[in-house]
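Asks: Pasting work26.tsv here (TSV, C-alpha atoms and all ligand atoms):
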```tsv
chain	number	residue	atom	x	y	z
A	1	MET	CA	15.02	10.44	-8.43
A	2	ASN	CA	18.56	10.06	-7.20
A	3	CYS	CA	18.95	6.55	-5.83
A	4	PRO	CA	22.10	4.42	-5.88
A	5	ALA	CA	22.38	1.77	-8.59
A	6	ASP	CA	22.83	-1.14	-6.21
A	7	TRP	CA	21.89	-2.56	-2.83
A	8	PRO	CA	24.35	-2.04	0.03
A	9	GLU	CA	24.63	-5.80	0.68
A	10	PRO	CA	24.06	-9.01	-1.30
A	11	ILE	CA	20.35	-9.78	-1.56
A	12	VAL	CA	19.01	-12.88	0.18
A	13	ARG	CA	15.57	-14.12	-0.90
A	14	VAL	CA	13.37	-14.64	2.14
A	15	GLN	CA	11.57	-17.45	0.31
A	16	SER	CA	14.90	-19.34	0.09
A	17	LEU	CA	15.48	-18.84	3.82
A	18	SER	CA	12.01	-20.16	4.55
A	19	GLU	CA	12.55	-23.19	2.34
A	20	THR	CA	15.66	-24.29	4.28
A	21	GLY	CA	13.29	-25.50	7.00
A	22	ASN	CA	15.50	-24.00	9.75
A	23	THR	CA	13.68	-23.48	13.03
A	24	MET	CA	15.46	-20.20	13.75
A	25	ILE	CA	15.62	-17.06	11.61
A	26	PRO	CA	18.85	-15.14	10.88
A	27	ASP	CA	19.65	-12.24	13.23
A	28	ARG	CA	19.09	-9.78	10.33
A	29	TYR	CA	15.34	-10.41	10.65
A	30	ILE	CA	15.00	-10.23	14.43
A	31	LYS	CA	13.29	-7.00	15.46
A	32	PRO	CA	14.09	-5.17	18.68
A	33	PRO	CA	11.62	-6.24	21.42
A	34	SER	CA	9.59	-3.00	21.16
A	35	GLN	CA	8.79	-3.70	17.50
A	36	ARG	CA	7.94	-7.38	17.79
A	37	PRO	CA	4.35	-8.29	17.02
A	38	CYS	CA	1.60	-9.05	19.45
A	39	PHE	CA	-0.78	-11.81	18.44
A	40	ASN	CA	-3.61	-11.26	20.88
A	41	THR	CA	-4.80	-8.12	19.11
A	42	ARG	CA	-8.43	-7.21	18.60
A	43	SER	CA	-9.98	-8.55	15.46
A	44	ASP	CA	-13.68	-8.45	16.33
A	45	ASN	CA	-16.12	-6.98	13.82
A	46	LEU	CA	-17.10	-4.02	15.97
A	47	ASN	CA	-13.57	-2.92	16.41
A	48	ASN	CA	-12.37	-3.40	12.89
A	49	ILE	CA	-11.97	-1.20	9.85
A	50	PRO	CA	-15.37	-0.37	8.29
A	51	VAL	CA	-16.69	-2.40	5.37
A	52	ILE	CA	-18.40	-0.16	2.80
A	53	ASP	CA	-20.69	-1.45	0.05
A	54	LEU	CA	-20.07	0.62	-3.08
A	55	PHE	CA	-23.08	-0.71	-5.00
A	56	GLY	CA	-25.21	2.32	-4.17
A	57	LEU	CA	-22.42	4.73	-5.05
A	58	ILE	CA	-21.88	3.17	-8.47
A	59	ASN	CA	-25.50	2.33	-9.35
A	60	GLY	CA	-27.77	4.30	-7.03
A	61	ASP	CA	-29.68	7.57	-7.28
A	62	SER	CA	-28.24	10.72	-5.79
A	63	ALA	CA	-29.71	10.13	-2.31
A	64	THR	CA	-28.23	6.62	-2.18
A	65	GLN	CA	-24.89	7.90	-3.42
A	66	LYS	CA	-24.88	10.47	-0.64
A	67	VAL	CA	-25.40	7.75	2.00
A	68	VAL	CA	-22.33	5.89	0.74
A	69	ARG	CA	-20.30	9.09	0.44
A	70	ASP	CA	-21.08	9.83	4.09
A	71	GLN	CA	-19.89	6.37	5.12
A	72	ILE	CA	-16.65	6.99	3.22
A	73	SER	CA	-16.25	10.38	4.87
A	74	THR	CA	-16.60	8.89	8.36
A	75	ALA	CA	-14.18	6.07	7.51
A	76	CYS	CA	-11.58	8.52	6.19
A	77	ARG	CA	-11.82	10.76	9.25
A	78	GLU	CA	-12.02	8.05	11.91
A	79	TRP	CA	-9.94	5.24	10.47
A	80	GLY	CA	-7.97	6.23	7.34
A	81	PHE	CA	-8.63	2.60	6.37
A	82	PHE	CA	-11.72	0.79	5.05
A	83	GLN	CA	-12.69	-2.19	2.92
A	84	VAL	CA	-14.90	-1.85	-0.14
A	85	VAL	CA	-17.19	-4.59	-1.46
A	86	ASN	CA	-19.36	-4.51	-4.60
A	87	HIS	CA	-16.65	-2.32	-6.08
A	88	GLY	CA	-17.52	-3.33	-9.63
A	89	MET	CA	-14.65	-5.78	-10.13
A	90	SER	CA	-15.64	-9.38	-10.71
A	91	PRO	CA	-14.77	-11.88	-7.95
A	92	GLU	CA	-13.03	-14.00	-10.60
A	93	LEU	CA	-10.71	-11.16	-11.56
A	94	VAL	CA	-9.90	-10.43	-7.92
A	95	ASP	CA	-9.00	-14.08	-7.23
A	96	GLU	CA	-7.12	-14.47	-10.48
A	97	ALA	CA	-5.00	-11.37	-9.85
A	98	ARG	CA	-3.81	-12.73	-6.51
A	99	GLU	CA	-3.41	-16.37	-7.56
A	100	ILE	CA	-1.43	-15.64	-10.71
A	101	TRP	CA	1.13	-13.82	-8.58
A	102	ARG	CA	1.24	-16.73	-6.14
A	103	GLU	CA	2.15	-18.84	-9.16
A	104	PHE	CA	4.87	-16.38	-10.07
A	105	PHE	CA	6.48	-16.69	-6.64
A	106	HIS	CA	6.30	-20.49	-6.82
A	107	GLN	CA	8.40	-20.63	-9.97
A	108	PRO	CA	12.03	-21.76	-9.76
A	109	MET	CA	14.36	-19.07	-8.41
A	110	GLU	CA	16.15	-18.65	-11.78
A	111	ALA	CA	12.90	-17.54	-13.43
A	112	LYS	CA	12.37	-14.86	-10.79
A	113	GLN	CA	16.00	-13.76	-10.71
A	114	GLU	CA	15.69	-12.63	-14.34
A	115	TYR	CA	13.69	-9.73	-12.91
A	116	ALA	CA	15.93	-8.96	-9.89
A	117	ASN	CA	15.51	-5.28	-9.04
A	118	SER	CA	17.84	-2.45	-8.07
A	119	PRO	CA	17.14	0.56	-5.83
A	120	LYS	CA	17.32	2.87	-8.85
A	121	THR	CA	13.64	2.29	-9.73
A	122	TYR	CA	12.68	-0.65	-7.49
A	123	GLU	CA	10.98	-2.29	-10.51
A	124	GLY	CA	11.11	-6.08	-10.53
A	125	TYR	CA	11.74	-8.83	-8.00
A	126	GLY	CA	13.00	-7.50	-4.67
A	127	SER	CA	13.63	-8.45	-1.07
A	128	ARG	CA	14.29	-5.24	0.80
A	129	LEU	CA	13.09	-1.67	1.10
A	130	GLY	CA	15.64	0.91	2.13
A	131	LEU	CA	19.36	1.19	1.65
A	132	GLN	CA	20.79	1.39	5.13
A	133	LYS	CA	23.68	-1.03	5.44
A	134	GLY	CA	23.16	-3.48	8.26
A	135	ALA	CA	19.44	-2.62	8.64
A	136	ILE	CA	17.14	-5.19	10.25
A	137	LEU	CA	15.10	-6.58	7.35
A	138	ASP	CA	11.49	-7.66	6.92
A	139	TRP	CA	10.35	-11.24	6.29
A	140	SER	CA	9.07	-10.76	2.72
A	141	ASP	CA	9.95	-10.67	-0.97
A	142	TYR	CA	8.03	-8.55	-3.47
A	143	TYR	CA	7.52	-7.62	-7.10
A	144	PHE	CA	7.17	-3.97	-8.06
A	145	LEU	CA	5.89	-2.58	-11.39
A	146	HIS	CA	4.55	0.62	-12.92
A	147	TYR	CA	1.19	0.93	-14.67
A	148	LEU	CA	0.70	4.70	-14.90
A	149	PRO	CA	1.77	7.14	-16.18
A	150	SER	CA	1.90	5.12	-19.40
A	151	ASN	CA	5.40	6.29	-20.26
A	152	LEU	CA	6.64	4.35	-17.20
A	153	LYS	CA	4.77	1.17	-18.09
A	154	ASP	CA	7.22	-1.27	-19.59
A	155	TYR	CA	5.93	-4.79	-20.25
A	156	LYS	CA	9.51	-6.05	-20.43
A	157	LYS	CA	9.69	-5.35	-16.71
A	158	TRP	CA	6.49	-7.31	-16.01
A	159	PRO	CA	6.95	-11.10	-15.72
A	160	SER	CA	6.32	-13.02	-18.94
A	161	HIS	CA	5.41	-16.10	-16.88
A	162	PRO	CA	2.98	-17.43	-15.83
A	163	PRO	CA	1.31	-16.92	-19.21
A	164	PHE	CA	-1.58	-14.42	-19.00
A	165	LEU	CA	-0.05	-12.63	-15.99
A	166	ARG	CA	0.35	-9.46	-18.05
A	167	ASP	CA	-3.23	-9.68	-19.37
A	168	VAL	CA	-4.70	-10.30	-15.93
A	169	ILE	CA	-2.70	-7.50	-14.37
A	170	GLU	CA	-3.56	-5.09	-17.19
A	171	GLU	CA	-7.27	-5.75	-16.59
A	172	TYR	CA	-6.93	-5.58	-12.81
A	173	SER	CA	-4.97	-2.32	-13.08
A	174	LYS	CA	-7.65	-0.69	-15.25
A	175	GLU	CA	-10.22	-1.49	-12.58
A	176	ILE	CA	-8.04	-0.11	-9.80
A	177	VAL	CA	-7.59	3.15	-11.71
A	178	ARG	CA	-11.37	3.38	-12.22
A	179	LEU	CA	-11.85	2.90	-8.47
A	180	GLY	CA	-9.08	5.38	-7.64
A	181	LYS	CA	-10.62	8.12	-9.77
A	182	LEU	CA	-14.05	7.44	-8.30
A	183	LEU	CA	-12.73	7.77	-4.76
A	184	LEU	CA	-10.78	10.95	-5.54
A	185	LYS	CA	-14.07	12.44	-6.71
A	186	VAL	CA	-15.85	11.26	-3.54
A	187	PHE	CA	-13.11	12.68	-1.31
A	188	SER	CA	-13.29	16.05	-3.12
A	189	ILE	CA	-17.06	16.28	-2.73
A	190	ASN	CA	-16.89	15.17	0.90
A	191	LEU	CA	-14.33	17.86	1.67
A	192	GLY	CA	-16.41	20.60	0.03
A	193	LEU	CA	-13.97	20.95	-2.87
A	194	GLU	CA	-14.64	20.97	-6.61
A	195	GLU	CA	-15.44	17.43	-7.75
A	196	SER	CA	-12.24	17.32	-9.85
A	197	TYR	CA	-10.01	18.97	-7.22
A	198	MET	CA	-8.13	15.89	-6.03
A	199	GLU	CA	-7.65	14.42	-9.48
A	200	ASN	CA	-6.24	17.74	-10.70
A	201	ALA	CA	-4.03	18.03	-7.62
A	202	PHE	CA	-2.68	14.58	-8.51
A	203	GLY	CA	-1.62	16.00	-11.89
A	204	GLY	CA	-4.79	15.35	-13.91
A	205	ASP	CA	-6.23	12.38	-15.76
A	206	ASP	CA	-3.22	11.21	-17.78
A	207	ASN	CA	-0.57	11.96	-15.23
A	208	ILE	CA	-1.70	10.09	-12.15
A	209	GLY	CA	0.75	7.46	-10.96
A	210	ALA	CA	-0.31	3.86	-10.35
A	211	CYS	CA	2.20	1.22	-9.35
A	212	LEU	CA	1.85	-2.22	-7.88
A	213	ARG	CA	3.83	-3.98	-5.18
A	214	VAL	CA	2.99	-7.63	-4.81
A	215	ASN	CA	4.11	-8.84	-1.40
A	216	PHE	CA	5.05	-12.45	-0.78
A	217	TYR	CA	5.38	-13.40	2.89
A	218	PRO	CA	6.86	-16.91	3.14
A	219	LYS	CA	6.15	-19.15	6.13
A	220	CYS	CA	8.24	-18.09	9.07
A	221	PRO	CA	9.44	-20.38	11.88
A	222	ARG	CA	9.60	-17.48	14.40
A	223	PRO	CA	6.75	-15.04	13.68
A	224	ASP	CA	7.08	-13.80	17.26
A	225	LEU	CA	10.48	-12.23	16.49
A	226	THR	CA	9.98	-10.54	13.15
A	227	LEU	CA	7.52	-8.72	10.85
A	228	GLY	CA	6.53	-9.32	7.24
A	229	LEU	CA	6.51	-5.56	6.76
A	230	SER	CA	7.53	-3.04	9.40
A	231	SER	CA	5.19	-0.35	10.58
A	232	HIS	CA	4.78	2.45	8.04
A	233	SER	CA	2.28	4.82	6.51
A	234	ASP	CA	2.10	4.78	2.72
A	235	PRO	CA	4.00	7.70	1.18
A	236	GLY	CA	1.66	8.07	-1.82
A	237	GLY	CA	-1.93	9.19	-2.33
A	238	MET	CA	-3.97	6.15	-1.42
A	239	THR	CA	-3.51	2.41	-1.58
A	240	PHE	CA	-5.77	-0.39	-2.79
A	241	LEU	CA	-4.80	-3.59	-1.07
A	242	LEU	CA	-5.95	-6.97	-2.20
A	243	PRO	CA	-5.29	-9.16	0.83
A	244	ASP	CA	-4.90	-12.92	1.02
A	245	GLU	CA	-8.31	-14.18	2.00
A	246	HIS	CA	-6.90	-17.34	3.50
A	247	VAL	CA	-4.37	-15.78	5.85
A	248	SER	CA	-4.72	-12.61	7.89
A	249	GLY	CA	-1.62	-10.56	8.57
A	250	LEU	CA	-2.36	-6.86	8.12
A	251	GLN	CA	-2.48	-4.88	11.37
A	252	VAL	CA	-3.64	-1.28	11.60
A	253	ARG	CA	-2.76	1.03	14.45
A	254	LYS	CA	-5.74	2.66	16.10
A	255	ALA	CA	-5.43	4.70	19.30
A	256	GLY	CA	-2.11	3.02	20.09
A	257	GLU	CA	-3.47	-0.53	19.66
A	258	TRP	CA	-2.76	-2.92	16.79
A	259	ILE	CA	-5.92	-4.25	15.17
A	260	THR	CA	-5.73	-7.31	12.92
A	261	VAL	CA	-7.83	-6.72	9.79
A	262	LYS	CA	-10.37	-9.38	8.90
A	263	PRO	CA	-10.65	-9.30	5.12
A	264	ALA	CA	-14.22	-9.48	3.77
A	265	ARG	CA	-14.74	-11.80	0.80
A	266	HIS	CA	-13.42	-10.28	-2.43
A	267	ALA	CA	-13.02	-6.92	-0.73
A	268	ILE	CA	-10.37	-4.36	-1.57
A	269	ILE	CA	-8.86	-2.52	1.39
A	270	VAL	CA	-8.38	1.21	0.86
A	271	ASN	CA	-6.07	3.35	2.93
A	272	ILE	CA	-5.17	7.01	2.92
A	273	GLY	CA	-1.52	7.82	2.18
A	274	ASP	CA	0.69	10.72	3.25
A	275	GLN	CA	-0.02	12.82	0.11
A	276	ILE	CA	-3.74	12.90	0.87
A	277	GLN	CA	-2.94	13.75	4.47
A	278	VAL	CA	-0.99	16.76	3.14
A	279	LEU	CA	-3.63	17.76	0.52
A	280	THR	CA	-6.41	17.64	3.12
A	281	ASN	CA	-4.29	19.50	5.70
A	282	ALA	CA	-4.62	16.41	7.92
A	283	ALA	CA	-8.44	16.25	7.81
A	284	TYR	CA	-7.75	12.72	6.52
A	285	LYS	CA	-4.77	10.99	8.07
A	286	SER	CA	-2.53	8.28	6.74
A	287	VAL	CA	-2.43	5.47	9.25
A	288	GLU	CA	0.39	3.25	10.42
A	289	HIS	CA	0.10	-0.38	9.49
A	290	ARG	CA	2.34	-3.43	9.46
A	291	VAL	CA	2.22	-7.12	8.59
A	292	ILE	CA	2.73	-10.15	10.82
A	293	VAL	CA	3.80	-13.51	9.44
A	294	ASN	CA	2.70	-17.05	9.97
A	295	PRO	CA	4.49	-20.32	10.82
A	296	ASP	CA	2.26	-22.56	8.67
A	297	LYS	CA	1.01	-20.43	5.82
A	298	GLU	CA	2.52	-18.14	3.21
A	299	ARG	CA	0.63	-14.96	2.37
A	300	VAL	CA	0.29	-12.97	-0.88
A	301	SER	CA	-1.05	-9.41	-1.08
A	302	LEU	CA	-1.27	-6.84	-3.89
A	303	ALA	CA	-0.70	-3.23	-2.80
A	304	TYR	CA	-1.68	-0.84	-5.60
A	305	PHE	CA	-0.34	2.64	-4.92
A	306	PHE	CA	-2.34	5.50	-6.45
A	307	ASN	CA	-0.07	8.50	-6.47
A	308	PRO	CA	0.24	12.11	-7.57
A	309	LYS	CA	2.38	12.85	-10.62
A	310	SER	CA	5.93	12.76	-9.39
A	311	ASP	CA	6.83	16.39	-10.06
A	312	VAL	CA	3.73	18.39	-9.09
A	313	LEU	CA	3.84	20.30	-5.83
A	314	ILE	CA	1.55	18.79	-3.21
A	315	LYS	CA	0.28	21.19	-0.59
A	316	PRO	CA	-2.84	21.66	1.56
A	317	ALA	CA	-5.92	22.69	-0.48
A	318	ALA	CA	-6.44	26.45	-0.04
A	319	LYS	CA	-10.08	25.90	0.97
A	320	LEU	CA	-8.98	23.72	3.88
A	321	VAL	CA	-6.55	26.30	5.24
A	322	THR	CA	-8.22	28.74	7.63
A	323	SER	CA	-7.16	30.80	10.63
A	324	LYS	CA	-8.29	27.89	12.82
A	325	THR	CA	-6.60	25.30	10.61
A	326	PRO	CA	-3.40	26.90	9.27
A	327	ALA	CA	-1.39	25.03	6.64
A	328	LEU	CA	0.46	22.19	8.33
A	329	TYR	CA	2.79	21.35	5.44
A	330	GLN	CA	5.11	23.10	3.00
A	331	PRO	CA	4.71	22.26	-0.71
A	332	MET	CA	6.80	19.30	-1.84
A	333	THR	CA	6.80	17.01	-4.89
A	334	PHE	CA	6.05	13.32	-4.45
A	335	ASP	CA	9.39	12.49	-6.04
A	336	GLU	CA	11.24	14.37	-3.28
A	337	TYR	CA	8.94	12.90	-0.66
A	338	ARG	CA	9.30	9.21	-1.54
A	339	LEU	CA	13.08	9.38	-1.53
A	340	PHE	CA	12.84	9.06	2.26
A	341	ILE	CA	11.19	5.61	2.30
A	342	ARG	CA	13.25	4.45	-0.65
A	343	MET	CA	16.46	5.25	1.24
A	344	ARG	CA	15.46	4.50	4.82
A	345	GLY	CA	12.79	1.82	4.47
A	346	PRO	CA	9.53	1.75	6.45
A	347	GLN	CA	9.72	3.95	9.59
A	348	GLY	CA	6.24	4.36	11.03
A	349	LYS	CA	4.84	7.85	10.46
A	350	SER	CA	8.11	9.64	11.12
A	351	GLN	CA	8.33	11.30	7.70
A	352	VAL	CA	4.94	12.97	7.42
A	353	GLU	CA	5.10	14.02	11.08
A	354	SER	CA	8.56	15.54	10.68
A	355	LEU	CA	7.33	17.72	7.81
A	356	LYS	CA	4.75	19.61	9.81
A	357	SER	CA	5.46	23.34	9.66
A	358	PRO	CA	6.38	24.93	12.99
A	359	ARG	CA	3.36	26.88	14.30
A	401	LIG	O1	0.39	-7.13	2.92
A	401	LIG	C1	-0.36	-6.33	3.47
A	401	LIG	O2	-1.43	-6.66	3.97
A	401	LIG	C2	0.01	-4.86	3.55
A	401	LIG	C3	1.04	-4.43	2.54
A	401	LIG	C4	1.48	-3.02	2.69
A	401	LIG	O3	1.19	-2.35	3.67
A	401	LIG	C5	2.30	-2.41	1.66
A	401	LIG	O4	2.66	-3.10	0.69
A	401	LIG	O5	2.62	-1.19	1.79
```
Just dump the structure as structure tokens.
Ligand SMILES: O=C(O)CCC(=O)C(=O)O

Replies:
Amino acid sequence: MNCPADWPEPIVRVQSLSETGNTMIPDRYIKPPSQRPCFNTRSDNLNNIPVIDLFGLINGDSATQKVVRDQISTACREWGFFQVVNHGMSPELVDEAREIWREFFHQPMEAKQEYANSPKTYEGYGSRLGLQKGAILDWSDYYFLHYLPSNLKDYKKWPSHPPFLRDVIEEYSKEIVRLGKLLLKVFSINLGLEESYMENAFGGDDNIGACLRVNFYPKCPRPDLTLGLSSHSDPGGMTFLLPDEHVSGLQVRKAGEWITVKPARHAIIVNIGDQIQVLTNAAYKSVEHRVIVNPDKERVSLAYFFNPKSDVLIKPAAKLVTSKTPALYQPMTFDEYRLFIRMRGPQGKSQVESLKSPR
């Protein structure tokens, strides 16, 4: 991928800004009024993303599995977002994965700066997405690393401290990949495709991409003026988000309204990304989401992106293209596709919408 070697401006760590204790935030973080958050959004259980219990899918007989598959199908079509519980990962591992990263972000700045990232690969400790000089920035820092394909995994680029971080993240990553492959199979069956269709479309077993962005949203004195992460849809295949159970912040756009997600205990939030929107010819849609910040509490989340191999062409599955549902997208590799967000930063759903073929 052809990205510049350096950021367009000196990097400022949002955590350092937060720690100054100033009651105002720098202008660089103030969003235009139309993008500022609303706090009185709906967060009731009835109007929230579905919670799906995977126990029956993993352990049940074929009739029970079908019930869960149907719930997943409805969630993908109606929401593009759902939470899974009883996903097979131990609650201890889920908590440990999040808390070890919290520890990372609470280390002295020098320890984190050793891993400062560049836009070339984004791997390491970062504080902005996008390369537009003078852009309004988000109120968050992050850490980005690759797990799959294995030739991209480089332990030297994973933090060596806190001790055990690499072991915990290795174990957590294995579980996420297991879950990702399971869901690709479920999506394929639900769409009437061969069971292995999606996994093959992603490049096959060994070639799937899995990379982690750990988001750290420091306390913010003016959460009414900024966002922790601007509205976007995820460019990849699907995302597994481990939210901070203590602090809500994720908002999902549904019928023009922002809904604040209420994380279920030890749940993983799954959302459809742009590549699955393309593969399914928009039967499943990636959904805009964003993150609000908090004046009293920091927030940590782990976004695991499950992506197609970077150089395979992604296009609507032939079986889903009919005279009534003609192909909406031209073939494109994920590498070409993600250049957009890497250069321009999060921009709602503008990319996937702009790619629709003229009818
Ligand atoms: O922090 C969150 O809840 C969401 C993070 C997210 O959307 C992302 O990292 O792409």

Asks: Choose the residue, out of A:Tyr172, A:Trp158, A:Trp139, A:Phe334, that has the smallest atom-to-atom separation from ligand LIG 401 (chain A); count all atoms listed in the file.

Replies: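 Between A:Tyr172, A:Trp158, A:Trp139, A:Phe334, the residue approaching ligand LIG 401 (chain A) most closely is A:Trp139.
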
Asks: So that I can check the surroundings of stretch 28-36 of chain A, please list as a ChimeraX atom specification every protein, DNA and RNA residue that reaches within 8 Å of it, counting all atoms listed in the file and ignoring chain neighbours fewer than 3 positions away.

Replies: /A:25,134-139,224-227

Asks: So which residues touch A:Val321 within 9 Å, counting only C-alpha atoms, skipping near sequence neighbours fewer than 5 positions away, as a CSV table (one decimal) with C-alpha atoms, in the frame of the given file?

Replies:
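File result.csv, as written:
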```csv
chain,number,residue,atom,x,y,z
A,280,THR,CA,-6.4,17.6,3.1
A,281,ASN,CA,-4.3,19.5,5.7
A,316,PRO,CA,-2.8,21.7,1.6
A,326,PRO,CA,-3.4,26.9,9.3
A,327,ALA,CA,-1.4,25.0,6.6
A,328,LEU,CA,0.5,22.2,8.3
```

Asks: As an exercise, work out the distance from atom CA of A:Glu171 to atom CA of A:Phe82 in Å and give it to one decimal place.

Replies: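 Those two atoms sit 23.0 Å apart.
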
Asks: Quick one: of A:Asp141, A:Glu170, A:Glu288, A:Glu78, who's nearest to A:Ser230, counting all atoms listed in the file?

Replies: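 Once distances to A:Ser230 are computed over all atoms listed in the file, the minimum belongs to A:Glu288.
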